[in-house]
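This report concerns only the one structure given below.
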Amino acid sequence: MTIIYSFRWVNKNSGLVYRVTEVRTVGDQYSLINFHKMNNIPNKNGYFLDLVFSSDISAKVEQSLETLIVCDSYNPALSAYCAFPPFSPILDTRHSFHDFGRPDYPSILADLRSTIWVRKLASPSADKSAVLLQNKLLEIITGFVPLRIFIRPPPVFHIKDLLTMKKQAHQKYKTLCGAKY
(Lines give C-alpha, C1' and ligand atoms only; values in the text may rest on other atoms or scores of the structure.)
Protein backbone atom coordinates (compact mmCIF):
# COMPACT_ATOMS: atom_id res chain seq x y z
CA MET A 1 0.00 0.00 0.00
CA THR A 2 1.35 3.40 -0.92
CA ILE A 3 0.42 6.43 1.14
CA ILE A 4 0.52 9.62 -0.87
CA TYR A 5 1.14 12.50 1.49
CA SER A 6 0.62 15.19 -1.14
CA PHE A 7 -3.16 14.61 -1.32
CA ARG A 8 -5.11 17.71 -0.38
CA TRP A 9 -8.90 17.17 -0.24
CA VAL A 10 -11.10 20.27 -0.26
CA ASN A 11 -14.90 20.58 -0.21
CA LYS A 12 -16.23 23.24 -2.59
CA ASN A 13 -19.77 24.23 -3.57
CA SER A 14 -19.30 22.21 -6.75
CA GLY A 15 -18.28 19.12 -4.75
CA LEU A 16 -15.06 17.41 -3.75
CA VAL A 17 -11.84 18.86 -5.13
CA TYR A 18 -8.44 17.31 -4.62
CA ARG A 19 -4.95 18.29 -5.60
CA VAL A 20 -2.53 15.54 -6.50
CA THR A 21 -0.36 14.66 -9.46
CA GLU A 22 0.29 10.96 -8.75
CA VAL A 23 -3.18 9.37 -8.79
CA ARG A 24 -6.54 10.66 -10.01
CA THR A 25 -8.69 7.52 -10.01
CA VAL A 26 -9.92 7.65 -6.40
CA GLY A 27 -10.66 11.36 -6.48
CA ASP A 28 -12.48 11.13 -9.82
CA GLN A 29 -14.73 8.35 -8.53
CA TYR A 30 -15.48 10.10 -5.22
CA SER A 31 -16.21 13.38 -6.98
CA LEU A 32 -18.48 11.62 -9.49
CA ILE A 33 -20.69 10.11 -6.77
CA ASN A 34 -20.84 13.45 -4.92
CA PHE A 35 -18.77 12.46 -1.89
CA HIS A 36 -17.51 15.11 0.50
CA LYS A 37 -14.57 14.79 2.84
CA MET A 38 -15.97 14.92 6.35
CA ASN A 39 -12.83 14.64 8.48
CA ASN A 40 -11.21 18.02 9.13
CA ILE A 41 -9.11 16.82 12.06
CA PRO A 42 -5.46 16.33 11.10
CA ASN A 43 -3.04 14.17 13.04
CA LYS A 44 -0.19 15.76 15.01
CA ASN A 45 1.90 15.94 11.83
CA GLY A 46 -0.79 17.86 9.93
CA TYR A 47 -1.92 15.00 7.67
CA PHE A 48 -5.35 13.44 7.24
CA LEU A 49 -4.68 9.70 7.38
CA ASP A 50 -8.22 8.87 8.49
CA LEU A 51 -10.27 9.98 5.50
CA VAL A 52 -14.02 9.90 6.04
CA PHE A 53 -16.24 10.52 3.00
CA SER A 54 -20.01 10.84 2.78
CA SER A 55 -22.60 11.98 0.26
CA ASP A 56 -24.69 13.29 3.18
CA ILE A 57 -23.42 16.79 3.93
CA SER A 58 -25.09 16.75 7.35
CA ALA A 59 -22.73 13.98 8.53
CA LYS A 60 -20.15 15.09 11.10
CA VAL A 61 -16.75 13.85 12.20
CA GLU A 62 -15.38 15.12 15.50
CA GLN A 63 -12.42 14.32 17.67
CA SER A 64 -13.58 11.72 20.16
CA LEU A 65 -13.35 12.53 23.85
CA GLU A 66 -13.47 8.84 24.75
CA THR A 67 -11.04 6.39 23.21
CA LEU A 68 -10.96 2.61 23.14
CA ILE A 69 -7.18 2.46 22.79
CA VAL A 70 -4.34 4.86 23.46
CA CYS A 71 -4.02 7.35 20.59
CA ASP A 72 -0.74 7.68 18.75
CA SER A 73 0.58 10.69 16.84
CA TYR A 74 -0.67 9.33 13.51
CA ASN A 75 -4.32 8.58 14.24
CA PRO A 76 -6.44 10.76 16.53
CA ALA A 77 -9.61 9.15 17.91
CA LEU A 78 -12.62 10.18 15.82
CA SER A 79 -16.37 9.96 16.23
CA ALA A 80 -18.56 9.95 13.14
CA TYR A 81 -22.23 10.94 13.21
CA CYS A 82 -24.74 10.59 10.40
CA ALA A 83 -28.49 10.88 10.24
CA PHE A 84 -30.54 7.72 10.01
CA PRO A 85 -33.37 8.04 7.50
CA PRO A 86 -36.71 8.01 9.32
CA PHE A 87 -38.45 5.94 6.65
CA SER A 88 -37.24 3.11 4.47
CA PRO A 89 -38.95 2.57 1.10
CA ILE A 90 -38.48 -1.18 1.60
CA LEU A 91 -40.95 -1.01 4.51
CA ASP A 92 -43.49 0.83 2.39
CA THR A 93 -46.57 -1.22 1.58
CA ARG A 94 -46.53 0.06 -2.00
CA HIS A 95 -43.49 0.96 -4.08
CA SER A 96 -42.33 0.72 -7.67
CA PHE A 97 -39.17 -0.93 -8.99
CA HIS A 98 -37.59 -1.81 -12.32
CA ASP A 99 -37.91 -5.50 -13.16
CA PHE A 100 -34.40 -6.30 -14.41
CA GLY A 101 -35.44 -9.92 -14.96
CA ARG A 102 -37.65 -8.92 -17.92
CA PRO A 103 -35.96 -6.18 -19.96
CA ASP A 104 -36.48 -5.74 -23.70
CA TYR A 105 -33.00 -6.96 -24.74
CA PRO A 106 -33.43 -6.56 -28.52
CA SER A 107 -34.45 -2.90 -28.11
CA ILE A 108 -31.59 -2.27 -25.66
CA LEU A 109 -29.05 -3.76 -28.11
CA ALA A 110 -30.53 -1.75 -31.01
CA ASP A 111 -30.32 1.45 -28.98
CA LEU A 112 -26.73 0.78 -27.89
CA ARG A 113 -25.69 -0.09 -31.46
CA SER A 114 -27.29 3.06 -32.88
CA THR A 115 -25.33 5.27 -30.48
CA ILE A 116 -22.15 6.78 -31.92
CA TRP A 117 -19.99 6.22 -28.85
CA VAL A 118 -16.81 7.81 -30.23
CA ARG A 119 -18.58 11.11 -30.70
CA LYS A 120 -20.59 10.84 -27.46
CA LEU A 121 -17.57 10.09 -25.25
CA ALA A 122 -15.11 12.40 -27.02
CA SER A 123 -15.32 14.97 -24.23
CA PRO A 124 -11.94 16.11 -22.87
CA SER A 125 -13.29 15.67 -19.34
CA ALA A 126 -13.68 12.23 -17.75
CA ASP A 127 -16.47 13.65 -15.57
CA LYS A 128 -18.52 14.78 -18.60
CA SER A 129 -18.02 11.44 -20.34
CA ALA A 130 -19.08 9.59 -17.19
CA VAL A 131 -22.19 11.76 -16.85
CA LEU A 132 -23.11 11.14 -20.52
CA LEU A 133 -22.66 7.38 -20.05
CA GLN A 134 -24.70 7.40 -16.84
CA ASN A 135 -27.49 9.39 -18.52
CA LYS A 136 -27.56 6.95 -21.45
CA LEU A 137 -27.82 3.97 -19.08
CA LEU A 138 -30.63 5.66 -17.13
CA GLU A 139 -32.40 6.39 -20.41
CA ILE A 140 -32.13 2.71 -21.38
CA ILE A 141 -33.39 1.56 -17.97
CA THR A 142 -36.41 3.86 -18.00
CA GLY A 143 -37.16 3.05 -21.65
CA PHE A 144 -36.65 -0.71 -21.84
CA VAL A 145 -36.85 -2.17 -18.34
CA PRO A 146 -40.45 -2.56 -17.19
CA LEU A 147 -41.58 -0.72 -14.10
CA ARG A 148 -43.48 -2.89 -11.64
CA ILE A 149 -45.53 -1.88 -8.62
CA PHE A 150 -45.19 -3.94 -5.49
CA ILE A 151 -48.12 -3.93 -3.10
CA ARG A 152 -47.54 -5.64 0.23
CA PRO A 153 -50.66 -7.54 1.30
CA PRO A 154 -52.00 -6.86 4.78
CA PRO A 155 -50.50 -9.13 7.42
CA VAL A 156 -52.33 -12.47 7.70
CA PHE A 157 -52.23 -12.53 11.49
CA HIS A 158 -54.11 -9.23 11.60
CA ILE A 159 -56.98 -10.62 9.54
CA LYS A 160 -57.11 -13.76 11.70
CA ASP A 161 -57.26 -11.61 14.84
CA LEU A 162 -60.12 -9.58 13.37
CA LEU A 163 -62.04 -12.74 12.42
CA THR A 164 -61.57 -14.15 15.93
CA MET A 165 -62.79 -10.89 17.47
CA LYS A 166 -65.81 -10.91 15.13
CA LYS A 167 -66.70 -14.48 16.12
CA GLN A 168 -66.36 -13.63 19.81
CA ALA A 169 -68.56 -10.55 19.41
CA HIS A 170 -71.15 -12.56 17.52
CA GLN A 171 -71.13 -15.25 20.23
CA LYS A 172 -71.56 -12.58 22.91
CA TYR A 173 -74.43 -11.02 20.97
CA LYS A 174 -76.21 -14.38 20.65
CA THR A 175 -75.74 -15.05 24.38
CA LEU A 176 -77.05 -11.63 25.49
CA CYS A 177 -80.03 -11.55 23.15
CA GLY A 178 -81.09 -15.09 24.07
CA ALA A 179 -84.19 -16.34 22.28
CA LYS A 180 -84.68 -13.15 20.28
CA TYR A 181 -81.84 -14.15 17.99
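By convention here, the chains of the C-alpha coordinates are called A, B, ... in the order presented, each chain's residues are numbered starting at 1, and ligands are numbered starting at 1 in the order presented.
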
Within 10 Å of region 56-73 of chain A, counting only C-alpha atoms, which residues qualify if same-chain residues fewer than 5 places away don't, as a PyMOL selection string? chain A and resi 34-45+78-83

Rounded to one decimal place, report the CA of Val145 (chain A)-CA of Gln29 (chain A) distance in Å. 26.4 Å

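CA of Ile151 (chain A) sits 14.2 Å away from CA of His98 (chain A).
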
Using DSSP assignments from the backbone, pull out every residue in region 49-162 of chain A that falls under strand (DSSP E) and give it to me as a ChimeraX atom specification. /A:53-54,60-63,78-81,94-98,147-151

Mind giving me the straight-line distance from CA of Val131 (chain A) to CA of Ser55 (chain A) in Å, one decimal? 17.1 Å

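Every residue of region 55-130 of chain A found in helix (DSSP H, G or I) when DSSP is run on the backbone appears here: A:Pro89, A:Ile90, A:Leu91, A:Tyr105, A:Pro106, A:Ser107, A:Ile108, A:Leu109, A:Ala110, A:Asp111, A:Leu112, A:Arg113, A:Ser114, A:Trp117, A:Val118, A:Arg119, A:Lys120, A:Ala126, A:Asp127, A:Lys128, A:Ser129, A:Ala130.
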
From A:Leu147, A:Ala77, A:Val52, A:Leu121, residue lying nearest Pro103 (chain A) [only C-alpha atoms]: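 Once distances to Pro103 (chain A) are computed over only C-alpha atoms, the minimum belongs to A:Leu147.
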